[in-house]
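**Student:** Supplied in structure tokens, the structure appears directly below.
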2 protein chains.
Amino acid sequence: MNEKGFIAQLREMVTHPAARGLLDDAALLEVGGARLIITHDMLVEGVHFLPDDPAESVAWKLLAVNLSDLAAKGVRPAGAVMAYTLVGQTALAETGWDAAFVTGLGAALAHFGVPLIGGDTVLGTERSLGMTLIGEAIGPVPSRAGAVEGDALFVTGTIGDAGIGLALARAGRSEPEALLEAYRRPQPQLAAGKRLAPKVSAMMDVSDGLLIDVLRMTEASGVSAIIDLDAVPLSAAALSESGEGRATRLAAATAGDDYQLLFTSSLPLPPLPCPVTRIGQIARGAGVHVHDRDGAVPLPAQLGWLHGS
Amino acid sequence: MNEKGFIAQLREMVTHPAARGLLDDAALLEVGGARLIITHDMLVEGVHFLPDDPAESVAWKLLAVNLSDLAAKGVRPAGAVMAYTLVGQTALAETGWDAAFVTGLGAALAHFGVPLIGGDTVLGTERSLGMTLIGEAIGPVPSRAGAVEGDALFVTGTIGDAGIGLALARAGRSEPEALLEAYRRPQPQLAAGKRLAPKVSAMMDVSDGLLIDVLRMTEASGVSAIIDLDAVPLSAAALSESGEGRATRLAAATAGDDYQLLFTSSLPLPPLPCPVTRIGQIARGAGVHVHDRDGAVPLPAQLGWLHGS
């Protein structure tokens, strides 16, 4: 059974509205009058991070990718619960990986103001890290399913930096630092998400690749999306590294690990603490349609990063 | 770094009162006026379950061990979030392990009335399962730290069945079924926990072994415990399998996986839906002191099951 089949089977038994059909970034659970937003994301060595990624940055990433899910729902976390697998104890005592991880986690939690309130530590053979974040929703909580025909499609920040950063890390390169940092220390758009939540029709974070995440939003909303590839925001560092062109832009739009916000709206946007770019619009029908200055862009077979599946 | 050292390092950076110093079965977090009880326990193949344990029973156990933490706090869960590692996809497609797991999980969730509201599925090489449960506290939430001199020490149900069941499973035996079921399908004492919570001075669940868990309670409370080993409740099936005697009783009291409630009280107990046995009392000082009809019982080097560490 592959990941898709497994999740499909799980979905069959999920009927509680809090789960949002397991189709959203986070669950929305009402408990004792409070509206809780709950997310859990895992990082596995060799799948979601490289064995020689610095432990401090893996800790940052574990918190940041979960924060990004809450950012997409417009909320801040009230607490974090960590699931940690300790491996190869003798070797670890030598390298200090786990100690460095805890140091990095402490710094990341302090940076974002999130308390660690519990968790579990187990012994295993594979370094696997998980985190549950719990936050409280005050205002509206956007889902992936609200995009309607005529909405404009936006993305925050720049796209594709982390994908290049991962390639650089794999090649053992240590610069450009901005691209490596984009891969190792993603910046969840918490402040932007909070301001955007009341103004969007749909919102999610870009974790697996812009195109596949746009496709998921259109599927959840029952609409199609038309994307101008030339409008997809690339950083100066990415363009300098990869050069301008359709191939560069398609690579950026399918690379994943961006942790930017993808959203649709027909309202004026509030002032945001980060760049925001209109990359297309929502239309009737289904699917994602991409064009650039040279016309229609055939879609690659893989629209995003499917974590090895 | 071993498990104990890792947790000690984590504990240094945990200052939020919700965490209870990472010394309790669950965190107590106030969000939006609601008092949330949050727990996360993991099961790793080869550490917490056997490769040939039926997948349905592993799913039951994943839910049950987490429910047991909530039972010790007197609350029922409002929702579950699962972290699942899919391994060896080709082999799995053949054995149907994951499909059987989902079926078993669905049955267990339905049995206990817990909705699955979210989670994450990743690909890996080691079958590792985690679950976060979130519940709401209505009344008092007992901690491990409230035991005082003069309190009586109690335990629900019987102790040691799961330990024998694990040994039977390892030996490939299929009976006595009651002992194998105690290992594979622990029954969290949710109803008893709810009734006991207002009446106890300290409460926790017995997960790693009666003696080590009593020791943890005494350390958290700053007291000592005196245990009558002859009073520790053993099932007829356990006595029939292992025979009466000090060795049997010490094995039962250090085996783990019981998922019974351990608590202290000086009040009359409410009617309970399960057997409850007074096994000793709380005194001044520190440590756990065990005796039986033949006098003082020297403590074994290992007071419980430390998950391979």
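Chain labels A, B, ... are given in the sequence in which chains occur in the structure tokens; within each chain residues are numbered consecutively from 1, and ligands are likewise numbered from 1 in the order shown.
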Excluding B:Thr85 and residues on its chain fewer than 2 positions from it, collect all residues at most 12 Å away from it, counting only C-alpha atoms, and give them as a PDB file with N, CA, C and O atoms, in the first residue's frame.
**Tutor:**
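Writing the result to around.pdb gives the following:
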ATOM      1  N   ASN A   2       0.628   2.176  -0.921  1.00  0.00           N
ATOM      2  CA  ASN A   2       1.418   3.396  -0.928  1.00  0.00           C
ATOM      3  C   ASN A   2       0.745   4.469  -0.068  1.00  0.00           C
ATOM      4  O   ASN A   2      -0.326   4.258   0.496  1.00  0.00           O
ATOM      5  N   GLU A   3       1.434   5.618   0.036  1.00  0.00           N
ATOM      6  CA  GLU A   3       0.958   6.678   0.922  1.00  0.00           C
ATOM      7  C   GLU A   3      -0.453   7.128   0.535  1.00  0.00           C
ATOM      8  O   GLU A   3      -1.323   7.302   1.387  1.00  0.00           O
ATOM      9  N   PHE A   6      -3.016   4.490   1.490  1.00  0.00           N
ATOM     10  CA  PHE A   6      -3.178   4.431   2.939  1.00  0.00           C
ATOM     11  C   PHE A   6      -4.064   5.570   3.431  1.00  0.00           C
ATOM     12  O   PHE A   6      -4.992   5.371   4.213  1.00  0.00           O
ATOM     13  N   ILE A   7      -3.763   6.775   2.931  1.00  0.00           N
ATOM     14  CA  ILE A   7      -4.542   7.938   3.378  1.00  0.00           C
ATOM     15  C   ILE A   7      -5.995   7.827   2.898  1.00  0.00           C
ATOM     16  O   ILE A   7      -6.927   8.191   3.617  1.00  0.00           O
ATOM     17  N   ASP A  41       3.062  17.343  11.872  1.00  0.00           N
ATOM     18  CA  ASP A  41       3.916  17.034  10.726  1.00  0.00           C
ATOM     19  C   ASP A  41       5.170  16.338  11.220  1.00  0.00           C
ATOM     20  O   ASP A  41       5.689  16.657  12.281  1.00  0.00           O
ATOM     21  N   MET A  42       5.671  15.412  10.412  1.00  0.00           N
ATOM     22  CA  MET A  42       6.850  14.640  10.769  1.00  0.00           C
ATOM     23  C   MET A  42       7.993  14.929   9.804  1.00  0.00           C
ATOM     24  O   MET A  42       7.774  15.263   8.638  1.00  0.00           O
ATOM     25  N   LEU A  43       9.208  14.765  10.290  1.00  0.00           N
ATOM     26  CA  LEU A  43      10.413  14.826   9.465  1.00  0.00           C
ATOM     27  C   LEU A  43      11.186  13.520   9.669  1.00  0.00           C
ATOM     28  O   LEU A  43      11.447  13.137  10.810  1.00  0.00           O
ATOM     29  N   VAL A  44      11.540  12.859   8.584  1.00  0.00           N
ATOM     30  CA  VAL A  44      12.303  11.615   8.659  1.00  0.00           C
ATOM     31  C   VAL A  44      13.649  11.822   7.958  1.00  0.00           C
ATOM     32  O   VAL A  44      13.701  12.359   6.844  1.00  0.00           O
ATOM     33  N   VAL A  47      14.518  11.425   4.167  1.00  0.00           N
ATOM     34  CA  VAL A  47      13.308  11.706   3.391  1.00  0.00           C
ATOM     35  C   VAL A  47      13.037  13.212   3.408  1.00  0.00           C
ATOM     36  O   VAL A  47      12.925  13.841   2.362  1.00  0.00           O
ATOM     37  N   GLU A 126      15.738   4.583  13.122  1.00  0.00           N
ATOM     38  CA  GLU A 126      15.608   5.620  12.101  1.00  0.00           C
ATOM     39  C   GLU A 126      15.247   6.922  12.786  1.00  0.00           C
ATOM     40  O   GLU A 126      14.323   6.962  13.602  1.00  0.00           O
ATOM     41  N   ARG A 127      15.966   7.973  12.467  1.00  0.00           N
ATOM     42  CA  ARG A 127      15.696   9.259  13.115  1.00  0.00           C
ATOM     43  C   ARG A 127      14.427   9.866  12.538  1.00  0.00           C
ATOM     44  O   ARG A 127      14.401  10.340  11.400  1.00  0.00           O
ATOM     45  N   SER A 128      13.386   9.830  13.330  1.00  0.00           N
ATOM     46  CA  SER A 128      12.070  10.289  12.919  1.00  0.00           C
ATOM     47  C   SER A 128      11.550  11.240  13.978  1.00  0.00           C
ATOM     48  O   SER A 128      11.586  10.940  15.169  1.00  0.00           O
ATOM     49  N   LEU A 129      11.111  12.419  13.532  1.00  0.00           N
ATOM     50  CA  LEU A 129      10.710  13.473  14.453  1.00  0.00           C
ATOM     51  C   LEU A 129       9.310  13.925  14.111  1.00  0.00           C
ATOM     52  O   LEU A 129       8.978  14.106  12.942  1.00  0.00           O
ATOM     53  N   GLY A 130       8.495  14.104  15.116  1.00  0.00           N
ATOM     54  CA  GLY A 130       7.138  14.582  14.877  1.00  0.00           C
ATOM     55  C   GLY A 130       6.790  15.673  15.858  1.00  0.00           C
ATOM     56  O   GLY A 130       7.375  15.774  16.934  1.00  0.00           O
TER      57      GLY A 130
ATOM     58  N   MET B  42       4.226   6.899  21.660  1.00  0.00           N
ATOM     59  CA  MET B  42       4.626   6.237  20.423  1.00  0.00           C
ATOM     60  C   MET B  42       4.810   4.734  20.649  1.00  0.00           C
ATOM     61  O   MET B  42       5.156   4.294  21.746  1.00  0.00           O
ATOM     62  N   LEU B  43       4.627   3.981  19.580  1.00  0.00           N
ATOM     63  CA  LEU B  43       4.949   2.551  19.570  1.00  0.00           C
ATOM     64  C   LEU B  43       5.902   2.297  18.406  1.00  0.00           C
ATOM     65  O   LEU B  43       5.620   2.702  17.276  1.00  0.00           O
ATOM     66  N   VAL B  44       7.014   1.630  18.682  1.00  0.00           N
ATOM     67  CA  VAL B  44       7.995   1.310  17.647  1.00  0.00           C
ATOM     68  C   VAL B  44       8.110  -0.214  17.531  1.00  0.00           C
ATOM     69  O   VAL B  44       8.233  -0.901  18.545  1.00  0.00           O
ATOM     70  N   GLU B  45       8.052  -0.695  16.296  1.00  0.00           N
ATOM     71  CA  GLU B  45       8.152  -2.148  16.070  1.00  0.00           C
ATOM     72  C   GLU B  45       9.480  -2.667  16.590  1.00  0.00           C
ATOM     73  O   GLU B  45      10.527  -2.068  16.354  1.00  0.00           O
ATOM     74  N   MET B  82      -2.894  11.143  14.464  1.00  0.00           N
ATOM     75  CA  MET B  82      -1.977  10.014  14.331  1.00  0.00           C
ATOM     76  C   MET B  82      -0.770  10.342  13.460  1.00  0.00           C
ATOM     77  O   MET B  82      -0.878  10.989  12.434  1.00  0.00           O
ATOM     78  N   ALA B  83       0.403   9.866  13.891  1.00  0.00           N
ATOM     79  CA  ALA B  83       1.642   9.959  13.115  1.00  0.00           C
ATOM     80  C   ALA B  83       2.023   8.545  12.690  1.00  0.00           C
ATOM     81  O   ALA B  83       2.228   7.681  13.542  1.00  0.00           O
ATOM     82  N   VAL B  87       6.321   1.625   5.833  1.00  0.00           N
ATOM     83  CA  VAL B  87       7.623   1.038   5.507  1.00  0.00           C
ATOM     84  C   VAL B  87       7.489  -0.049   4.439  1.00  0.00           C
ATOM     85  O   VAL B  87       6.417  -0.589   4.226  1.00  0.00           O
ATOM     86  N   GLY B  88       8.599  -0.341   3.787  1.00  0.00           N
ATOM     87  CA  GLY B  88       8.733  -1.488   2.861  1.00  0.00           C
ATOM     88  C   GLY B  88       7.505  -1.735   2.017  1.00  0.00           C
ATOM     89  O   GLY B  88       6.858  -2.760   2.117  1.00  0.00           O
ATOM     90  N   GLN B  89       7.247  -0.773   1.158  1.00  0.00           N
ATOM     91  CA  GLN B  89       5.940  -0.763   0.521  1.00  0.00           C
ATOM     92  C   GLN B  89       5.596  -2.035  -0.251  1.00  0.00           C
ATOM     93  O   GLN B  89       4.457  -2.476  -0.246  1.00  0.00           O
ATOM     94  N   ASP B  98      -0.659  -2.669   6.735  1.00  0.00           N
ATOM     95  CA  ASP B  98      -1.200  -1.320   6.938  1.00  0.00           C
ATOM     96  C   ASP B  98      -2.715  -1.283   6.795  1.00  0.00           C
ATOM     97  O   ASP B  98      -3.394  -0.577   7.545  1.00  0.00           O
ATOM     98  N   PHE B 101      -4.075  -2.600   9.869  1.00  0.00           N
ATOM     99  CA  PHE B 101      -3.919  -1.603  10.935  1.00  0.00           C
ATOM    100  C   PHE B 101      -5.069  -0.590  10.892  1.00  0.00           C
ATOM    101  O   PHE B 101      -5.671  -0.277  11.917  1.00  0.00           O
ATOM    102  N   GLY B 119      -3.422  14.156  11.245  1.00  0.00           N
ATOM    103  CA  GLY B 119      -2.162  13.459  11.443  1.00  0.00           C
ATOM    104  C   GLY B 119      -1.237  13.616  10.259  1.00  0.00           C
ATOM    105  O   GLY B 119      -1.422  14.501   9.417  1.00  0.00           O
ATOM    106  N   ASP B 120      -0.239  12.757  10.209  1.00  0.00           N
ATOM    107  CA  ASP B 120       0.721  12.799   9.114  1.00  0.00           C
ATOM    108  C   ASP B 120       1.166  11.378   8.815  1.00  0.00           C
ATOM    109  O   ASP B 120       1.261  10.547   9.722  1.00  0.00           O
ATOM    110  N   THR B 121       1.392  11.104   7.541  1.00  0.00           N
ATOM    111  CA  THR B 121       1.901   9.804   7.112  1.00  0.00           C
ATOM    112  C   THR B 121       3.192  10.041   6.357  1.00  0.00           C
ATOM    113  O   THR B 121       3.241  10.883   5.463  1.00  0.00           O
ATOM    114  N   VAL B 122       4.252   9.326   6.738  1.00  0.00           N
ATOM    115  CA  VAL B 122       5.537   9.483   6.067  1.00  0.00           C
ATOM    116  C   VAL B 122       6.060   8.114   5.659  1.00  0.00           C
ATOM    117  O   VAL B 122       5.613   7.087   6.156  1.00  0.00           O
ATOM    118  N   LEU B 123       7.013   8.128   4.737  1.00  0.00           N
ATOM    119  CA  LEU B 123       7.685   6.898   4.341  1.00  0.00           C
ATOM    120  C   LEU B 123       8.957   6.754   5.151  1.00  0.00           C
ATOM    121  O   LEU B 123       9.665   7.734   5.376  1.00  0.00           O
ATOM    122  N   GLY B 124       9.251   5.525   5.581  1.00  0.00           N
ATOM    123  CA  GLY B 124      10.460   5.311   6.361  1.00  0.00           C
ATOM    124  C   GLY B 124      10.888   3.862   6.296  1.00  0.00           C
ATOM    125  O   GLY B 124      10.341   3.080   5.510  1.00  0.00           O
ATOM    126  N   THR B 125      11.872   3.522   7.117  1.00  0.00           N
ATOM    127  CA  THR B 125      12.378   2.153   7.119  1.00  0.00           C
ATOM    128  C   THR B 125      12.006   1.411   8.397  1.00  0.00           C
ATOM    129  O   THR B 125      12.236   0.216   8.503  1.00  0.00           O
ATOM    130  N   GLU B 126      11.460   2.118   9.379  1.00  0.00           N
ATOM    131  CA  GLU B 126      11.121   1.514  10.669  1.00  0.00           C
ATOM    132  C   GLU B 126       9.668   1.849  10.978  1.00  0.00           C
ATOM    133  O   GLU B 126       9.270   3.011  10.912  1.00  0.00           O
ATOM    134  N   ARG B 127       8.896   0.818  11.337  1.00  0.00           N
ATOM    135  CA  ARG B 127       7.484   1.070  11.607  1.00  0.00           C
ATOM    136  C   ARG B 127       7.341   1.729  12.971  1.00  0.00           C
ATOM    137  O   ARG B 127       7.519   1.099  14.002  1.00  0.00           O
ATOM    138  N   SER B 128       7.020   3.010  12.929  1.00  0.00           N
ATOM    139  CA  SER B 128       6.912   3.836  14.132  1.00  0.00           C
ATOM    140  C   SER B 128       5.568   4.535  14.093  1.00  0.00           C
ATOM    141  O   SER B 128       5.195   5.136  13.087  1.00  0.00           O
ATOM    142  N   LEU B 129       4.827   4.430  15.191  1.00  0.00           N
ATOM    143  CA  LEU B 129       3.472   4.955  15.237  1.00  0.00           C
ATOM    144  C   LEU B 129       3.338   5.885  16.423  1.00  0.00           C
ATOM    145  O   LEU B 129       3.810   5.561  17.513  1.00  0.00           O
ATOM    146  N   GLY B 130       2.713   7.007  16.238  1.00  0.00           N
ATOM    147  CA  GLY B 130       2.502   7.937  17.332  1.00  0.00           C
ATOM    148  C   GLY B 130       1.074   8.434  17.333  1.00  0.00           C
ATOM    149  O   GLY B 130       0.398   8.415  16.303  1.00  0.00           O
ATOM    150  N   MET B 131       0.631   8.865  18.506  1.00  0.00           N
ATOM    151  CA  MET B 131      -0.716   9.428  18.584  1.00  0.00           C
ATOM    152  C   MET B 131      -0.764  10.523  19.636  1.00  0.00           C
ATOM    153  O   MET B 131      -0.239  10.361  20.734  1.00  0.00           O
TER     154      MET B 131
END
**Student:** What lies within 6 Å of stretch 72-75 of chain B using only C-alpha atoms, ignoring chain neighbours under 2 positions off, as a PyMOL selection string?
**Tutor:** chain B and resi 69-70+137+141-142+193-194+197+203-205
**Student:** Output as a PyMOL selection string all residues of stretch 28-270 of chain A that backbone DSSP marks as alpha helix (DSSP H).
**Tutor:** chain A and resi 55-71+89-95+97-112+161-170+177-184+190-196+210-221+236-242+246-253
**Student:** Extract, using only C-alpha atoms, all DNA, RNA and protein residues at most 8 Å from A:Gly33, discarding same-chain residues fewer than 5 positions from it, and format them as a list in words.
**Tutor:**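 Contacts, in chain order: Gly32, Gly33 and Ala34 of chain B.
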**Student:** As a PyMOL selection string, please: the residues near B:Glu244 (cut-off 12 Å, only C-alpha atoms, same-chain neighbours under 5 positions excluded).
**Tutor:** chain B and resi 229-230+232-239+249-252
**Student:** With all heavy atoms retained, write the just-selected residues as a short mmCIF file (atom, residue, chain, number, x, y, z; two decimals), in the first residue's frame.
**Tutor:**
data_model
loop_
_atom_site.label_atom_id
_atom_site.label_comp_id
_atom_site.auth_asym_id
_atom_site.auth_seq_id
_atom_site.Cartn_x
_atom_site.Cartn_y
_atom_site.Cartn_z
N LEU B 229 4.05 -6.90 48.88
CA LEU B 229 4.08 -7.63 47.61
C LEU B 229 2.97 -8.68 47.53
O LEU B 229 2.44 -8.95 46.45
CB LEU B 229 5.46 -8.28 47.41
CG LEU B 229 5.78 -8.81 46.01
CD1 LEU B 229 5.78 -7.69 44.99
CD2 LEU B 229 7.15 -9.51 46.00
N ASP B 230 2.61 -9.26 48.68
CA ASP B 230 1.55 -10.26 48.69
C ASP B 230 0.18 -9.66 48.34
O ASP B 230 -0.73 -10.38 47.95
CB ASP B 230 1.46 -10.94 50.07
CG ASP B 230 2.65 -11.85 50.31
OD1 ASP B 230 3.14 -12.46 49.33
OD2 ASP B 230 3.10 -11.95 51.47
N VAL B 232 -0.24 -7.31 46.02
CA VAL B 232 -0.31 -6.93 44.60
C VAL B 232 -1.23 -7.92 43.88
O VAL B 232 -1.02 -9.13 43.95
CB VAL B 232 1.10 -6.93 43.96
CG1 VAL B 232 1.01 -6.73 42.45
CG2 VAL B 232 1.95 -5.83 44.58
N PRO B 233 -2.27 -7.41 43.23
CA PRO B 233 -3.28 -8.30 42.65
C PRO B 233 -2.80 -8.99 41.37
O PRO B 233 -2.49 -8.33 40.38
CB PRO B 233 -4.45 -7.35 42.35
CG PRO B 233 -3.81 -6.01 42.14
CD PRO B 233 -2.60 -5.97 43.04
N LEU B 234 -2.73 -10.32 41.43
CA LEU B 234 -2.38 -11.11 40.25
C LEU B 234 -3.62 -11.88 39.80
O LEU B 234 -4.43 -12.31 40.63
CB LEU B 234 -1.24 -12.10 40.58
CG LEU B 234 0.18 -11.58 40.31
CD1 LEU B 234 0.50 -10.40 41.20
CD2 LEU B 234 1.21 -12.69 40.48
N SER B 235 -3.74 -12.06 38.51
CA SER B 235 -4.91 -12.78 37.99
C SER B 235 -4.74 -14.27 38.21
O SER B 235 -3.62 -14.78 38.37
CB SER B 235 -5.09 -12.49 36.50
OG SER B 235 -4.05 -13.12 35.77
N ALA B 236 -5.85 -14.99 38.19
CA ALA B 236 -5.80 -16.45 38.29
C ALA B 236 -4.99 -17.02 37.13
O ALA B 236 -4.22 -17.98 37.31
CB ALA B 236 -7.23 -17.00 38.28
N ALA B 237 -5.14 -16.42 35.96
CA ALA B 237 -4.40 -16.92 34.79
C ALA B 237 -2.90 -16.75 34.99
O ALA B 237 -2.11 -17.64 34.65
CB ALA B 237 -4.85 -16.17 33.53
N ALA B 238 -2.49 -15.63 35.57
CA ALA B 238 -1.07 -15.39 35.81
C ALA B 238 -0.52 -16.37 36.84
O ALA B 238 0.57 -16.94 36.66
CB ALA B 238 -0.85 -13.95 36.27
N LEU B 239 -1.27 -16.58 37.93
CA LEU B 239 -0.82 -17.50 38.97
C LEU B 239 -0.76 -18.92 38.43
O LEU B 239 0.15 -19.69 38.76
CB LEU B 239 -1.74 -17.41 40.19
CG LEU B 239 -1.58 -16.11 40.99
CD1 LEU B 239 -2.68 -15.98 42.04
CD2 LEU B 239 -0.20 -16.04 41.64
N ARG B 249 5.72 -12.72 41.82
CA ARG B 249 5.19 -11.41 42.17
C ARG B 249 6.15 -10.27 41.83
O ARG B 249 5.74 -9.20 41.38
CB ARG B 249 4.82 -11.38 43.66
CG ARG B 249 3.61 -12.26 43.92
CD ARG B 249 3.14 -12.29 45.34
NE ARG B 249 1.84 -12.96 45.34
CZ ARG B 249 0.69 -12.33 45.13
NH1 ARG B 249 0.67 -11.02 44.98
NH2 ARG B 249 -0.44 -12.99 45.09
N LEU B 250 7.42 -10.51 42.01
CA LEU B 250 8.40 -9.49 41.62
C LEU B 250 8.42 -9.30 40.10
O LEU B 250 8.53 -8.19 39.60
CB LEU B 250 9.80 -9.86 42.11
CG LEU B 250 10.22 -9.31 43.47
CD1 LEU B 250 11.64 -9.75 43.79
CD2 LEU B 250 10.11 -7.78 43.53
N ALA B 251 8.31 -10.42 39.39
CA ALA B 251 8.26 -10.33 37.93
C ALA B 251 7.04 -9.51 37.49
O ALA B 251 7.14 -8.64 36.62
CB ALA B 251 8.23 -11.72 37.30
N ALA B 252 5.89 -9.79 38.11
CA ALA B 252 4.67 -9.06 37.76
C ALA B 252 4.82 -7.57 38.06
O ALA B 252 4.39 -6.71 37.28
CB ALA B 252 3.48 -9.64 38.53
#
**Student:** Looking at B:Trp97, B:Phe112, B:Trp60, B:Phe49, which one is nearest to B:Gly79, with distances taken over only C-alpha atoms?
**Tutor:**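 For B:Gly79, the nearest of the candidates is B:Phe112.
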**Student:** What does the structure give for the distance between atom CA of B:Leu109 and atom CA of B:Ala191, in Å to one decimal?
**Tutor:**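 Atom CA of B:Leu109 sits 16.3 Å away from atom CA of B:Ala191.
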**Student:** I'd like to know which residues of stretch 112-250 of chain A are strand (DSSP E) (by DSSP, run on the backbone); could you write them as a ChimeraX atom specification?
**Tutor:** /A:116-124,128-136,152-156,202-206,224-228
**Student:** Dump C-alpha atoms for the selected residues as a short mmCIF file (atom, residue, chain, number, x, y, z; two decimals), in the first residue's frame?
**Tutor:**
data_model
loop_
_atom_site.label_atom_id
_atom_site.label_comp_id
_atom_site.auth_asym_id
_atom_site.auth_seq_id
_atom_site.Cartn_x
_atom_site.Cartn_y
_atom_site.Cartn_z
CA LEU A 116 6.99 22.81 24.61
CA ILE A 117 4.46 21.10 26.86
CA GLY A 118 5.03 17.37 26.41
CA GLY A 119 5.78 14.49 24.11
CA ASP A 120 7.40 11.10 23.95
CA THR A 121 10.93 9.85 23.35
CA VAL A 122 11.54 6.33 22.03
CA LEU A 123 14.53 4.31 20.93
CA GLY A 124 14.66 3.27 17.29
CA SER A 128 12.07 10.29 12.92
CA LEU A 129 10.71 13.47 14.45
CA GLY A 130 7.14 14.58 14.88
CA MET A 131 5.40 17.57 16.37
CA THR A 132 1.83 18.37 17.27
CA LEU A 133 0.96 22.05 17.51
CA ILE A 134 -2.21 23.28 19.16
CA GLY A 135 -3.53 26.78 18.63
CA GLU A 136 -6.70 28.69 19.23
CA ALA A 152 -7.33 36.01 -7.85
CA LEU A 153 -4.63 33.52 -6.84
CA PHE A 154 -1.74 34.79 -4.71
CA VAL A 155 1.42 33.55 -3.10
CA THR A 156 3.61 35.16 -0.42
CA ALA A 202 -9.17 29.67 0.54
CA MET A 203 -5.68 29.40 2.02
CA MET A 204 -3.02 26.72 2.51
CA ASP A 205 0.73 26.59 2.79
CA VAL A 206 3.00 25.53 -0.07
CA SER A 224 -9.66 25.24 -11.92
CA ALA A 225 -6.66 27.57 -11.74
CA ILE A 226 -4.87 29.48 -14.47
CA ILE A 227 -1.30 30.35 -13.57
CA ASP A 228 1.03 32.80 -15.28
#
**Student:** In Å to one decimal, how far is atom CA of A:Ile38 from atom CA of A:Ser143?
**Tutor:**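 Result for atom CA of A:Ser143 versus atom CA of A:Ile38: 13.4 Å, one decimal.
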**Student:** Can you tell me, as number ranges by chain, what residues are no more than 6 Å from B:Leu303 when counting only C-alpha atoms, ignoring any on the same chain fewer than 2 positions away?
**Tutor:** B: 211-212, 254
**Student:** Atom CA of B:Ala26 to atom CA of B:Ala145: how many Å, to one decimal?
**Tutor:**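 Atom-to-atom, atom CA of B:Ala26 and atom CA of B:Ala145 are spaced 13.0 Å apart.
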**Student:** Can you list, as an MDAnalysis selection string, every protein, DNA or RNA residue that comes within 9 Å of B:Asp257 when you count only C-alpha atoms, leaving out same-chain residues fewer than 6 positions away?
**Tutor:** chainID B and resid 65 160:163 182:183 186 206:209 305
**Student:** If you keep N, CA, C and O atoms, can you produce a file of those selected residues as an mmCIF file, in the first residue's frame?
**Tutor:**
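Dumped to again-v5.cif:
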data_model
loop_
_atom_site.group_PDB
_atom_site.id
_atom_site.type_symbol
_atom_site.label_atom_id
_atom_site.label_comp_id
_atom_site.auth_asym_id
_atom_site.auth_seq_id
_atom_site.Cartn_x
_atom_site.Cartn_y
_atom_site.Cartn_z
ATOM 1 N N VAL B 65 -2.934 2.874 24.885
ATOM 2 C CA VAL B 65 -1.881 3.386 25.776
ATOM 3 C C VAL B 65 -2.002 4.899 25.939
ATOM 4 O O VAL B 65 -1.679 5.448 26.994
ATOM 5 N N GLY B 160 0.803 -7.572 35.917
ATOM 6 C CA GLY B 160 1.723 -8.602 35.446
ATOM 7 C C GLY B 160 1.203 -9.478 34.323
ATOM 8 O O GLY B 160 1.970 -10.239 33.728
ATOM 9 N N ASP B 161 -0.100 -9.374 34.017
ATOM 10 C CA ASP B 161 -0.646 -10.216 32.947
ATOM 11 C C ASP B 161 0.029 -9.926 31.604
ATOM 12 O O ASP B 161 0.380 -10.841 30.859
ATOM 13 N N ALA B 162 0.201 -8.649 31.297
ATOM 14 C CA ALA B 162 0.768 -8.283 29.995
ATOM 15 C C ALA B 162 2.213 -8.756 29.877
ATOM 16 O O ALA B 162 2.663 -9.151 28.796
ATOM 17 N N GLY B 163 2.937 -8.712 30.989
ATOM 18 C CA GLY B 163 4.329 -9.166 30.961
ATOM 19 C C GLY B 163 4.424 -10.643 30.604
ATOM 20 O O GLY B 163 5.286 -11.046 29.808
ATOM 21 N N ALA B 182 -4.116 -9.404 27.351
ATOM 22 C CA ALA B 182 -3.694 -8.333 28.266
ATOM 23 C C ALA B 182 -2.506 -7.575 27.675
ATOM 24 O O ALA B 182 -2.387 -6.362 27.825
ATOM 25 N N TYR B 183 -1.626 -8.303 26.975
ATOM 26 C CA TYR B 183 -0.480 -7.662 26.318
ATOM 27 C C TYR B 183 -0.900 -6.920 25.057
ATOM 28 O O TYR B 183 -0.467 -5.792 24.812
ATOM 29 N N PRO B 186 -4.656 -3.901 25.826
ATOM 30 C CA PRO B 186 -4.867 -3.335 27.161
ATOM 31 C C PRO B 186 -6.167 -2.551 27.216
ATOM 32 O O PRO B 186 -6.607 -1.986 26.206
ATOM 33 N N VAL B 206 0.081 2.742 35.158
ATOM 34 C CA VAL B 206 1.227 1.835 35.259
ATOM 35 C C VAL B 206 1.569 1.371 33.850
ATOM 36 O O VAL B 206 0.856 0.569 33.260
ATOM 37 N N SER B 207 2.631 1.939 33.297
ATOM 38 C CA SER B 207 2.975 1.572 31.925
ATOM 39 C C SER B 207 4.314 0.847 31.843
ATOM 40 O O SER B 207 4.491 -0.049 31.030
ATOM 41 N N ASP B 208 5.258 1.222 32.682
ATOM 42 C CA ASP B 208 6.604 0.643 32.580
ATOM 43 C C ASP B 208 6.882 -0.419 33.635
ATOM 44 O O ASP B 208 7.938 -1.074 33.593
ATOM 45 N N GLY B 209 5.968 -0.608 34.578
ATOM 46 C CA GLY B 209 6.166 -1.569 35.661
ATOM 47 C C GLY B 209 5.702 -0.946 36.968
ATOM 48 O O GLY B 209 5.975 0.226 37.227
ATOM 49 N N TRP B 305 10.354 -1.753 32.962
ATOM 50 C CA TRP B 305 10.762 -1.975 31.600
ATOM 51 C C TRP B 305 11.152 -0.633 31.015
ATOM 52 O O TRP B 305 10.336 0.287 30.930
#
**Student:** Using only C-alpha atoms for the distances, tell me which of B:Arg246, B:Arg195, B:His16, B:His289 is nearest to B:Pro273.
**Tutor:** B:Arg195
